[in-house]
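Reproduced below: coords03.txt, with compact mmCIF, C-alpha atoms.
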```txt
# COMPACT_ATOMS: atom_id res chain seq x y z
CA MET A 236 -13.86 -2.00 19.59
CA THR A 237 -11.26 -1.93 16.82
CA GLU A 238 -8.58 0.64 17.53
CA SER A 239 -8.77 3.65 15.23
CA ARG A 240 -5.96 5.32 13.32
CA HIS A 241 -5.44 8.95 12.50
CA VAL A 242 -3.57 8.87 9.19
CA ARG A 243 -3.79 12.16 7.33
CA THR A 244 -4.29 12.22 3.57
CA GLY A 245 -2.53 14.47 1.08
CA VAL A 246 -1.45 14.72 -2.54
CA PHE A 247 2.06 15.01 -3.95
CA LEU A 248 2.02 16.86 -7.28
CA PRO A 249 5.21 16.66 -9.41
CA PRO A 250 3.07 17.55 -11.52
CA HIS A 251 3.03 15.96 -14.98
CA HIS A 252 1.29 17.99 -17.68
CA GLY A 253 1.39 16.92 -21.31
CA ASN A 254 3.40 19.17 -23.61
CA ASP A 255 0.38 19.44 -25.92
CA GLU A 256 -1.60 21.50 -23.36
CA ASP A 257 -1.76 25.23 -22.70
CA VAL A 258 0.48 25.80 -19.70
CA SER A 259 -1.59 28.66 -18.25
CA LEU A 260 -4.66 26.44 -18.19
CA CYS A 261 -2.61 23.67 -16.59
CA MET A 262 -1.71 26.02 -13.77
CA GLN A 263 -5.31 27.13 -13.28
CA ARG A 264 -6.37 23.49 -13.18
CA ASP A 265 -3.82 22.81 -10.43
CA PHE A 266 -5.22 25.68 -8.37
CA GLU A 267 -8.73 24.31 -8.94
CA LEU A 268 -7.51 20.89 -7.84
CA VAL A 269 -6.14 22.26 -4.56
CA GLN A 270 -9.55 23.83 -3.88
CA TRP A 271 -11.24 20.50 -4.63
CA LEU A 272 -8.83 18.67 -2.31
CA GLU A 273 -9.61 21.11 0.48
CA TYR A 274 -13.34 20.58 -0.05
CA LEU A 275 -12.86 16.80 0.20
CA GLY A 276 -10.95 17.12 3.47
CA PHE A 277 -7.39 16.43 2.36
CA SER A 278 -4.96 17.78 4.93
CA GLU A 279 -2.14 18.83 2.60
CA VAL A 280 -0.78 19.09 -0.93
CA TRP A 281 2.83 19.34 -2.14
CA MET A 282 4.17 20.92 -5.33
CA GLY A 283 7.53 20.12 -6.92
CA GLU A 284 10.33 22.25 -8.39
CA HIS A 285 11.67 21.47 -11.87
CA HIS A 286 13.32 23.51 -14.60
CA SER A 287 13.57 21.31 -17.69
CA GLY A 288 11.79 18.57 -19.59
CA GLY A 289 8.57 20.45 -20.18
CA MET A 290 6.09 18.27 -18.26
CA GLN A 291 6.81 19.41 -14.71
CA ILE A 292 6.02 23.05 -15.14
CA TYR A 293 6.74 24.80 -11.83
CA GLY A 294 10.15 26.32 -11.26
CA SER A 295 9.07 27.95 -8.01
CA PRO A 296 6.87 25.95 -5.62
CA ASP A 297 6.87 28.86 -3.18
CA LEU A 298 5.08 31.04 -5.77
CA PHE A 299 2.52 28.27 -6.20
CA ILE A 300 2.05 28.08 -2.42
CA ALA A 301 1.45 31.83 -2.20
CA ALA A 302 -1.23 31.76 -4.92
CA ALA A 303 -2.91 28.54 -3.76
CA ALA A 304 -3.05 29.79 -0.18
CA GLU A 305 -5.09 32.80 -1.32
CA ARG A 306 -7.63 30.45 -2.91
CA THR A 307 -8.01 28.23 0.16
CA SER A 308 -8.43 28.58 3.90
CA ARG A 309 -7.52 25.31 5.61
CA ILE A 310 -5.42 22.90 3.55
CA ARG A 311 -1.67 22.99 4.13
CA ILE A 312 0.52 23.54 1.06
CA GLY A 313 4.10 22.38 0.78
CA ALA A 314 7.14 22.81 -1.44
CA GLY A 315 7.93 19.27 -2.46
CA VAL A 316 10.74 20.03 -2.73
CA ILE A 317 12.94 23.10 -2.80
CA SER A 318 16.07 22.02 -4.69
CA VAL A 319 18.54 23.52 -2.24
CA PRO A 320 21.70 23.41 -4.42
CA TYR A 321 20.02 25.69 -6.98
CA HIS A 322 19.46 28.62 -4.56
CA HIS A 323 21.32 30.78 -2.10
CA PRO A 324 20.33 29.32 1.30
CA TYR A 325 19.73 32.76 2.78
CA MET A 326 17.11 33.49 0.13
CA ILE A 327 15.41 30.16 0.78
CA ALA A 328 15.21 30.94 4.49
CA ASP A 329 13.90 34.44 3.83
CA ARG A 330 11.16 33.22 1.48
CA MET A 331 10.21 30.49 3.94
CA ILE A 332 9.59 32.93 6.76
CA GLN A 333 7.63 35.28 4.51
CA LEU A 334 5.41 32.41 3.32
CA ASP A 335 5.00 31.19 6.88
CA HIS A 336 3.48 34.59 7.74
CA GLN A 337 1.47 34.99 4.53
CA THR A 338 -0.16 31.59 5.01
CA ARG A 339 -0.48 31.84 8.81
CA GLY A 340 1.53 28.67 9.21
CA ARG A 341 -0.04 26.61 6.42
CA ALA A 342 3.13 26.52 4.29
CA MET A 343 5.44 23.52 4.57
CA PHE A 344 8.97 23.22 3.26
CA GLY A 345 10.57 20.11 1.82
CA PHE A 346 14.24 19.96 0.91
CA GLY A 347 16.01 17.86 -1.70
CA PRO A 348 19.11 17.83 -3.90
CA GLY A 349 17.21 18.35 -7.17
CA MET A 350 15.73 15.43 -9.09
CA LEU A 351 16.62 16.26 -12.68
CA VAL A 352 20.27 16.13 -13.71
CA SER A 353 19.31 18.34 -16.65
CA ASP A 354 18.36 21.11 -14.21
CA ALA A 355 21.73 20.88 -12.48
CA ALA A 356 23.55 20.78 -15.84
CA MET A 357 22.04 24.11 -16.89
CA LEU A 358 23.30 25.65 -13.65
CA GLY A 359 26.77 24.16 -13.99
CA ILE A 360 26.31 21.87 -10.98
CA ALA A 361 27.80 18.37 -11.19
CA PRO A 362 25.56 15.50 -9.96
CA GLU A 363 28.13 14.54 -7.35
CA GLN A 364 27.91 18.06 -5.87
CA GLN A 365 24.16 18.06 -5.32
CA ARG A 366 23.83 16.04 -2.11
CA ALA A 367 26.82 17.66 -0.44
CA ARG A 368 25.32 21.07 -1.20
CA LEU A 369 21.96 19.90 0.13
CA VAL A 370 23.54 18.98 3.46
CA GLU A 371 25.50 22.23 3.66
CA GLY A 372 22.56 24.38 2.61
CA VAL A 373 20.03 22.78 4.95
CA ASP A 374 22.30 23.36 7.93
CA VAL A 375 22.54 27.08 7.13
CA ILE A 376 18.80 27.37 6.42
CA HIS A 377 17.94 25.72 9.72
CA ARG A 378 20.31 27.97 11.66
CA LEU A 379 18.95 31.11 10.01
CA VAL A 380 15.28 30.21 10.51
CA SER A 381 16.11 29.32 14.13
CA GLY A 382 17.32 32.90 14.66
CA GLU A 383 21.09 32.46 14.57
CA VAL A 384 23.55 34.96 13.14
CA VAL A 385 25.50 33.03 10.52
CA THR A 386 28.89 33.59 8.90
CA HIS A 387 29.70 30.99 6.29
CA ASP A 388 32.17 30.60 3.44
CA SER A 389 31.51 28.10 0.71
CA GLU A 390 32.43 27.44 -2.90
CA TRP A 391 28.88 28.40 -3.90
CA PHE A 392 27.67 30.99 -1.38
CA THR A 393 28.94 33.38 1.29
CA LEU A 394 27.30 34.87 4.39
CA ARG A 395 28.64 37.65 6.61
CA ASP A 396 26.93 38.10 9.99
CA ALA A 397 23.69 37.16 8.29
CA SER A 398 20.39 36.87 10.13
CA MET A 399 16.69 36.97 9.39
CA GLN A 400 14.91 40.21 10.13
CA LEU A 401 11.66 38.36 10.90
CA SER A 402 10.94 35.51 13.27
CA PRO A 403 8.74 32.70 11.92
CA TYR A 404 4.98 32.82 12.35
CA SER A 405 4.98 29.12 13.35
CA TYR A 406 6.31 28.20 16.76
CA PRO A 407 9.01 27.22 17.16
CA LEU A 408 9.69 26.71 13.43
CA PRO A 409 7.79 26.14 10.19
CA GLU A 410 7.28 22.50 9.24
CA MET A 411 10.32 21.18 7.39
CA THR A 412 10.82 17.80 5.71
CA VAL A 413 13.35 16.00 3.56
CA VAL A 414 12.85 13.56 0.73
CA THR A 415 14.44 10.14 1.03
CA SER A 416 14.80 7.80 -1.92
CA ARG A 417 17.97 6.10 -3.11
CA THR A 418 20.55 7.46 -0.70
CA PRO A 419 20.77 7.78 3.11
CA VAL A 420 21.31 11.55 2.96
CA GLY A 421 17.67 12.52 3.54
CA SER A 422 17.22 10.16 6.48
CA ARG A 423 20.35 11.48 8.16
CA LEU A 424 19.19 15.07 7.71
CA ALA A 425 15.79 14.22 9.18
CA GLY A 426 17.40 12.67 12.23
CA ARG A 427 19.89 15.47 12.74
CA TYR A 428 17.34 18.31 12.60
CA ASN A 429 14.20 16.45 13.69
CA PHE A 430 12.59 17.00 10.30
CA GLY A 431 9.77 15.01 8.77
CA ILE A 432 10.42 12.41 6.08
CA LEU A 433 8.74 12.12 2.71
CA THR A 434 9.42 8.74 1.11
CA HIS A 435 7.98 6.44 -1.53
CA GLY A 436 5.76 3.57 -0.40
CA GLY A 437 7.30 1.32 -3.03
CA GLY A 438 10.72 1.71 -1.40
CA ASP A 439 12.14 0.50 1.89
CA VAL A 440 10.23 2.77 4.25
CA ASN A 441 11.42 0.90 7.33
CA ALA A 442 15.09 1.26 6.45
CA SER A 443 14.70 4.99 5.78
CA TRP A 444 12.92 5.53 9.06
CA ALA A 445 15.32 3.37 11.08
CA LEU A 446 18.29 5.37 9.83
CA ALA A 447 16.54 8.64 10.66
CA GLU A 448 15.79 7.42 14.19
CA GLU A 449 19.37 6.22 14.66
CA THR A 450 20.74 9.59 13.55
CA GLY A 451 18.18 11.35 15.71
CA ARG A 452 19.43 9.56 18.79
CA GLU A 453 22.98 10.70 17.98
CA TYR A 454 21.76 14.32 18.09
CA GLY A 455 19.34 13.93 20.98
CA ASN A 456 16.21 14.03 18.84
CA GLN A 457 13.23 11.74 19.23
CA LEU A 458 11.44 11.46 15.90
CA SER A 459 7.71 10.89 15.62
CA ARG A 460 6.17 8.61 13.00
CA ASP A 461 3.41 11.21 12.73
CA ASN A 462 5.93 13.12 10.60
CA LEU A 463 6.51 10.16 8.27
CA ARG A 464 4.82 10.73 4.90
CA VAL A 465 4.50 7.81 2.49
CA VAL A 466 3.89 8.54 -1.20
CA VAL A 467 1.83 6.02 -3.19
CA SER A 468 0.33 6.14 -6.68
CA PHE A 469 -3.43 5.44 -6.36
CA HIS A 470 -5.82 5.56 -9.32
CA LEU A 471 -9.34 4.65 -8.26
CA ALA A 472 -12.68 4.15 -9.95
CA GLU A 473 -15.91 2.26 -9.23
CA THR A 474 -14.59 -0.83 -11.04
CA ARG A 475 -11.14 -2.16 -11.84
CA GLU A 476 -11.96 -2.05 -15.54
CA GLU A 477 -12.88 1.64 -15.37
CA ALA A 478 -9.73 2.46 -13.43
CA ALA A 479 -7.49 0.56 -15.87
CA LYS A 480 -9.11 2.28 -18.83
CA ALA A 481 -8.80 5.71 -17.22
CA VAL A 482 -5.02 5.51 -16.64
CA GLU A 483 -4.41 4.93 -20.32
CA PHE A 484 -5.04 8.68 -20.75
CA GLY A 485 -1.62 9.71 -19.45
CA PHE A 486 0.41 6.55 -19.94
CA GLU A 487 2.22 7.22 -23.20
CA PRO A 488 3.08 10.89 -22.48
CA TRP A 489 4.53 9.82 -19.14
CA MET A 490 6.50 6.98 -20.70
CA ARG A 491 7.94 9.34 -23.29
CA TYR A 492 9.00 11.63 -20.45
CA LEU A 493 10.55 8.72 -18.55
CA GLU A 494 12.53 7.79 -21.66
CA ALA A 495 13.95 11.32 -21.79
CA LEU A 496 14.88 11.31 -18.09
CA ASN A 497 16.12 7.77 -17.66
CA PRO A 498 16.45 5.56 -20.75
CA ALA A 499 17.48 2.52 -18.68
CA SER A 500 14.43 2.79 -16.43
CA TYR A 501 12.24 3.30 -19.49
CA ALA A 502 13.59 0.16 -21.16
CA ASP A 503 13.10 -1.85 -17.97
CA SER A 504 9.53 -0.56 -17.59
CA ARG A 505 8.67 -1.44 -21.19
CA ALA A 506 10.17 -4.89 -20.78
CA LYS A 507 8.14 -5.60 -17.64
CA ALA A 508 4.84 -3.87 -18.43
CA GLY A 509 4.76 -3.27 -22.17
CA ASN A 510 1.77 -1.01 -22.87
CA ASP A 511 -0.13 -1.99 -19.73
CA ALA A 512 -0.39 1.17 -17.62
CA ALA A 513 -2.04 -0.55 -14.64
CA LYS A 514 0.68 -3.20 -14.56
CA LEU A 515 3.43 -0.58 -14.64
CA ILE A 516 1.87 1.36 -11.77
CA ALA A 517 1.64 -1.86 -9.75
CA LEU A 518 5.28 -2.66 -10.48
CA ARG A 519 6.21 0.79 -9.17
CA GLY A 520 4.39 0.16 -5.89
CA GLY A 521 1.05 1.74 -6.76
CA LEU A 522 -2.54 0.61 -7.33
CA VAL A 523 -5.11 0.87 -10.09
CA GLY A 524 -8.42 -0.39 -8.78
CA THR A 525 -11.45 0.16 -6.58
CA PRO A 526 -11.87 1.59 -3.07
CA ASP A 527 -12.04 -1.97 -1.72
CA ASP A 528 -8.72 -2.74 -3.39
CA ALA A 529 -7.22 0.41 -1.89
CA VAL A 530 -8.27 -0.52 1.66
CA GLU A 531 -6.67 -3.95 1.32
CA PHE A 532 -3.55 -2.39 -0.23
CA LEU A 533 -3.18 0.07 2.64
CA GLU A 534 -3.63 -2.60 5.29
CA ARG A 535 -0.86 -4.67 3.70
CA MET A 536 1.38 -1.62 3.45
CA TRP A 537 0.74 -0.74 7.11
CA GLU A 538 1.77 -4.26 8.08
CA ARG A 539 4.96 -3.90 6.04
CA THR A 540 6.00 -0.38 6.98
CA GLY A 541 4.57 0.11 10.42
CA PRO A 542 2.69 3.29 11.37
CA PHE A 543 2.98 6.47 9.32
CA GLY A 544 1.37 9.86 9.80
CA CYS A 545 0.32 10.84 6.31
CA LEU A 546 -0.52 9.06 3.06
CA LEU A 547 0.32 11.12 -0.02
CA MET A 548 -1.30 10.20 -3.32
CA THR A 549 0.84 11.07 -6.35
CA GLY A 550 -0.73 13.54 -8.76
CA THR A 551 0.72 12.27 -12.05
CA ASN A 552 -2.24 13.17 -14.31
CA TRP A 553 -2.42 9.63 -15.67
CA MET A 554 -6.21 10.09 -15.58
CA ASN A 555 -8.05 13.01 -17.16
CA PHE A 556 -9.10 15.79 -14.82
CA GLU A 557 -12.63 14.59 -14.09
CA ALA A 558 -11.46 11.02 -13.43
CA THR A 559 -8.63 12.38 -11.27
CA LYS A 560 -11.05 14.37 -9.13
CA ARG A 561 -13.31 11.34 -8.81
CA SER A 562 -10.35 9.19 -7.74
CA TYR A 563 -9.52 11.61 -4.94
CA GLU A 564 -13.17 11.70 -3.91
CA LEU A 565 -13.36 7.91 -3.72
CA MET A 566 -10.26 7.90 -1.54
CA MET A 567 -11.74 10.32 0.99
CA ARG A 568 -15.34 9.08 0.82
CA TYR A 569 -14.78 5.33 1.04
CA VAL A 570 -11.13 4.37 1.61
CA MET A 571 -9.73 6.51 4.43
CA PRO A 572 -12.79 6.19 6.73
CA ARG A 573 -12.40 2.40 6.58
CA PHE A 574 -8.62 2.43 6.87
CA ASN A 575 -8.72 4.86 9.80
CA LYS A 576 -11.69 3.01 11.39
CA ALA A 577 -13.40 6.40 11.58
CA ASN A 578 -16.93 4.97 11.51
CA ARG A 579 -16.46 2.42 14.28
CA GLN A 580 -18.86 4.20 16.65
CA ARG A 581 -21.50 4.49 13.93
CA GLU A 582 -21.11 0.78 13.27
CA ARG A 583 -21.39 0.00 16.99
CA SER A 584 -24.53 2.11 17.23
CA PHE A 585 -26.08 0.35 14.24
CA ASP A 586 -25.17 -3.09 15.60
CA TRP A 587 -26.76 -2.26 18.97
CA VAL A 588 -29.97 -1.06 17.34
CA TYR A 589 -30.05 -4.07 15.02
CA GLU A 590 -29.44 -6.59 17.79
CA ASN A 591 -32.32 -5.07 19.81
CA ARG A 592 -34.60 -4.44 16.86
CA GLU A 593 -37.38 -6.78 18.03
CA ALA A 594 -37.48 -5.34 21.54
CA PHE A 595 -37.35 -1.73 20.36
CA SER A 596 -39.95 -2.34 17.66
CA GLY A 597 -42.23 -4.20 20.06
CA ALA A 598 -41.99 -1.46 22.66
CA ASN A 599 -42.77 1.16 20.04
CA ILE A 600 -45.82 -0.73 18.76
CA ALA A 601 -47.10 -1.25 22.30
CA ALA A 602 -46.74 2.46 23.03
CA ILE A 603 -48.62 3.38 19.84
CA ASN A 604 -51.43 0.91 20.58
CA LYS A 605 -51.80 2.25 24.12
CA ALA A 606 -51.99 5.83 22.80
CA VAL A 607 -54.66 4.83 20.26
CA ALA A 608 -56.69 2.89 22.85
CA SER A 609 -56.71 5.85 25.25
CA ALA A 610 -57.65 8.26 22.46
CA GLY A 611 -54.58 10.29 23.29
CA ARG A 612 -55.58 10.87 26.93
CA PRO A 613 -52.78 10.58 29.50
```
Could you write out this file's structure as structure tokens?
Amino acid sequence: MTESRHVRTGVFLPPHHGNDEDVSLCMQRDFELVQWLEYLGFSEVWMGEHHSGGMQIYGSPDLFIAAAAERTSRIRIGAGVISVPYHHPYMIADRMIQLDHQTRGRAMFGFGPGMLVSDAAMLGIAPEQQRARLVEGVDVIHRLVSGEVVTHDSEWFTLRDASMQLSPYSYPLPEMTVVTSRTPVGSRLAGRYNFGILTHGGGDVNASWALAEETGREYGNQLSRDNLRVVVSFHLAETREEAAKAVEFGFEPWMRYLEALNPASYADSRAKAGNDAAKLIALRGGLVGTPDDAVEFLERMWERTGPFGCLLMTGTNWMNFEATKRSYELMMRYVMPRFNKANRQRERSFDWVYENREAFSGANIAAINKAVASAGRP
């Protein structure tokens, strides 16, 4: 029998909402989406923190978690991520513990330096300060949530005999992760504190994980690949043509946003993909296609990266809402059962019945004929 996997499935929402839409309705749609994901059996969903640019509309993922948790009962909801340099670490730790209790352990907490330089600029934070502040802030947050009394002097925050008045609901600690992308900072933090990792499938997942494991050994931590989350952009439909047509919905608004954030990346993307949304997504390590394509894609990725615990689909709103919901449904209905080999026992049962079909059918017919001949008498 083929060995099964147990890869969880989640969604990572930046999110991207066009600036021509009503923002209140966008928020309600995101809450509706989380409910739909829970119905489909997704294990988790993550919401980002951004403060400028207009398309990524949530400045407080913890507020989103609190509201989404009230609308759901099982799915885990994460802050992906809390931009640590933008907040006093004590307040982050305090909100984390409160959310841990409010959600009965369903809240998850991701940490990062802050993605948008424009956000940091408004707060007077230089880009070169962000990662150093992330490292400093995460250390204090971890100590506070772990129950320590902390005194700390910094150029951006001060603590005097500070401690949390509540212990976490989760034992021993709430789930905490770091994002890894272009620098080794996230991997080193994961290894040092035994955090999970959230990384992009189009990047060098193996290198990120290897560095986290190496750092973990330095601090006596043994990391588990079950806490490795790989983010991939999947856009699925019944046919490749339908999927390619569907992603045209959000292509130009997203490209305009990319041009505002990173003109060099925008120019490179235009040069390589032109106006072909499906091609651009493929170049960025994603897939536009069918469930069959997605299974093959995941098998190749598994071969390249090695095991991972959770696959996160990016929620970029490149498709309209109905097509987006259908894409998630196709993933859970047809892709993950095959990738995880979840139906192997059903297949074995069918094969056994099929291989013995003549014998079973013959025995059944003989039994029926005997019953008829005896007029139902024993």
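Closest approach to Pro348 of chain A from the set A:Ala303, A:Asp388, A:Gly421, A:Ile327 is made by A:Gly421, with distances taken over only C-alpha atoms.
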Could you please give me, as a ChimeraX atom specification, the residues of protein, DNA or RNA lying at most 12 Å from (-16.9, 3.2, -2.6) in the coordinate frame of the file, considering only C-alpha atoms? /A:471-474,524-530,561-573
Save out the residues we just selected, C-alpha atoms, as a compact mmCIF listing (two decimals), keeping the file's coordinate frame.
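Saved file out-v8.txt follows:
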```txt
# COMPACT_ATOMS: atom_id res chain seq x y z
CA LEU A 471 -9.34 4.65 -8.26
CA ALA A 472 -12.68 4.15 -9.95
CA GLU A 473 -15.91 2.26 -9.23
CA THR A 474 -14.59 -0.83 -11.04
CA GLY A 524 -8.42 -0.39 -8.78
CA THR A 525 -11.45 0.16 -6.58
CA PRO A 526 -11.87 1.59 -3.07
CA ASP A 527 -12.04 -1.97 -1.72
CA ASP A 528 -8.72 -2.74 -3.39
CA ALA A 529 -7.22 0.41 -1.89
CA VAL A 530 -8.27 -0.52 1.66
CA ARG A 561 -13.31 11.34 -8.81
CA SER A 562 -10.35 9.19 -7.74
CA TYR A 563 -9.52 11.61 -4.94
CA GLU A 564 -13.17 11.70 -3.91
CA LEU A 565 -13.36 7.91 -3.72
CA MET A 566 -10.26 7.90 -1.54
CA MET A 567 -11.74 10.32 0.99
CA ARG A 568 -15.34 9.08 0.82
CA TYR A 569 -14.78 5.33 1.04
CA VAL A 570 -11.13 4.37 1.61
CA MET A 571 -9.73 6.51 4.43
CA PRO A 572 -12.79 6.19 6.73
CA ARG A 573 -12.40 2.40 6.58
```
Which residue gives the smallest distance to Arg309 of chain A among A:Val269, A:Met399, A:Ala606, A:Ala502, with all atoms listed in the file counted?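 Of all the options, A:Val269 lies closest to Arg309 of chain A.
Distance-wise, atom CA of Asn599 of chain A and atom CA of Arg581 of chain A end up 22.4 Å apart.
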One decimal, Å: what's the distance from atom CA of Tyr406 of chain A over to atom CA of Ile317 of chain A, could you say? 21.3 Å
All heavy atoms restored at segment 421-429 of chain A, emitted as a JSON list (two decimals), in the coordinates of the input:
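Listed below is the output, out_24.json:
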```json
[["chain", "number", "residue", "atom", "x", "y", "z"],
["A", 421, "GLY", "N", 18.90, 11.94, 3.00],
["A", 421, "GLY", "CA", 17.67, 12.52, 3.54],
["A", 421, "GLY", "C", 17.35, 12.02, 4.93],
["A", 421, "GLY", "O", 16.97, 12.80, 5.82],
["A", 422, "SER", "N", 17.50, 10.73, 5.16],
["A", 422, "SER", "CA", 17.22, 10.16, 6.48],
["A", 422, "SER", "C", 18.14, 10.75, 7.54],
["A", 422, "SER", "O", 17.72, 11.04, 8.67],
["A", 422, "SER", "CB", 17.37, 8.64, 6.45],
["A", 422, "SER", "OG", 16.36, 8.05, 5.65],
["A", 423, "ARG", "N", 19.40, 10.92, 7.20],
["A", 423, "ARG", "CA", 20.35, 11.48, 8.16],
["A", 423, "ARG", "C", 20.02, 12.94, 8.47],
["A", 423, "ARG", "O", 20.13, 13.38, 9.63],
["A", 423, "ARG", "CB", 21.78, 11.34, 7.65],
["A", 423, "ARG", "CG", 22.25, 9.88, 7.57],
["A", 423, "ARG", "CD", 23.77, 9.80, 7.41],
["A", 423, "ARG", "NE", 24.21, 8.41, 7.30],
["A", 423, "ARG", "CZ", 24.37, 7.59, 8.33],
["A", 423, "ARG", "NH1", 24.12, 8.03, 9.56],
["A", 423, "ARG", "NH2", 24.78, 6.34, 8.15],
["A", 424, "LEU", "N", 19.60, 13.68, 7.47],
["A", 424, "LEU", "CA", 19.19, 15.07, 7.71],
["A", 424, "LEU", "C", 17.96, 15.12, 8.61],
["A", 424, "LEU", "O", 17.88, 15.96, 9.52],
["A", 424, "LEU", "CB", 18.91, 15.78, 6.39],
["A", 424, "LEU", "CG", 20.11, 16.21, 5.55],
["A", 424, "LEU", "CD1", 19.66, 16.73, 4.20],
["A", 424, "LEU", "CD2", 20.92, 17.29, 6.28],
["A", 425, "ALA", "N", 17.01, 14.24, 8.36],
["A", 425, "ALA", "CA", 15.79, 14.22, 9.18],
["A", 425, "ALA", "C", 16.14, 13.94, 10.64],
["A", 425, "ALA", "O", 15.61, 14.59, 11.56],
["A", 425, "ALA", "CB", 14.83, 13.17, 8.65],
["A", 426, "GLY", "N", 17.02, 12.98, 10.86],
["A", 426, "GLY", "CA", 17.40, 12.67, 12.23],
["A", 426, "GLY", "C", 18.16, 13.79, 12.90],
["A", 426, "GLY", "O", 17.93, 14.10, 14.08],
["A", 427, "ARG", "N", 19.05, 14.42, 12.16],
["A", 427, "ARG", "CA", 19.89, 15.47, 12.74],
["A", 427, "ARG", "C", 19.07, 16.69, 13.17],
["A", 427, "ARG", "O", 19.31, 17.28, 14.24],
["A", 427, "ARG", "CB", 20.97, 15.88, 11.75],
["A", 427, "ARG", "CG", 21.87, 17.00, 12.26],
["A", 427, "ARG", "CD", 23.02, 17.27, 11.32],
["A", 427, "ARG", "NE", 23.88, 18.33, 11.82],
["A", 427, "ARG", "CZ", 25.00, 18.73, 11.22],
["A", 427, "ARG", "NH1", 25.39, 18.15, 10.08],
["A", 427, "ARG", "NH2", 25.74, 19.69, 11.74],
["A", 428, "TYR", "N", 18.08, 17.08, 12.33],
["A", 428, "TYR", "CA", 17.34, 18.31, 12.60],
["A", 428, "TYR", "C", 15.91, 18.07, 13.06],
["A", 428, "TYR", "O", 15.14, 19.01, 13.21],
["A", 428, "TYR", "CB", 17.33, 19.19, 11.34],
["A", 428, "TYR", "CG", 18.72, 19.58, 10.89],
["A", 428, "TYR", "CD1", 19.32, 18.95, 9.81],
["A", 428, "TYR", "CD2", 19.44, 20.55, 11.57],
["A", 428, "TYR", "CE1", 20.61, 19.29, 9.40],
["A", 428, "TYR", "CE2", 20.72, 20.91, 11.17],
["A", 428, "TYR", "CZ", 21.30, 20.27, 10.09],
["A", 428, "TYR", "OH", 22.58, 20.61, 9.69],
["A", 429, "ASN", "N", 15.55, 16.80, 13.27],
["A", 429, "ASN", "CA", 14.20, 16.45, 13.69],
["A", 429, "ASN", "C", 13.17, 16.91, 12.65],
["A", 429, "ASN", "O", 12.11, 17.43, 12.99],
["A", 429, "ASN", "CB", 13.86, 17.02, 15.06],
["A", 429, "ASN", "CG", 12.78, 16.22, 15.77],
["A", 429, "ASN", "OD1", 12.34, 15.19, 15.27],
["A", 429, "ASN", "ND2", 12.35, 16.70, 16.91]]
```
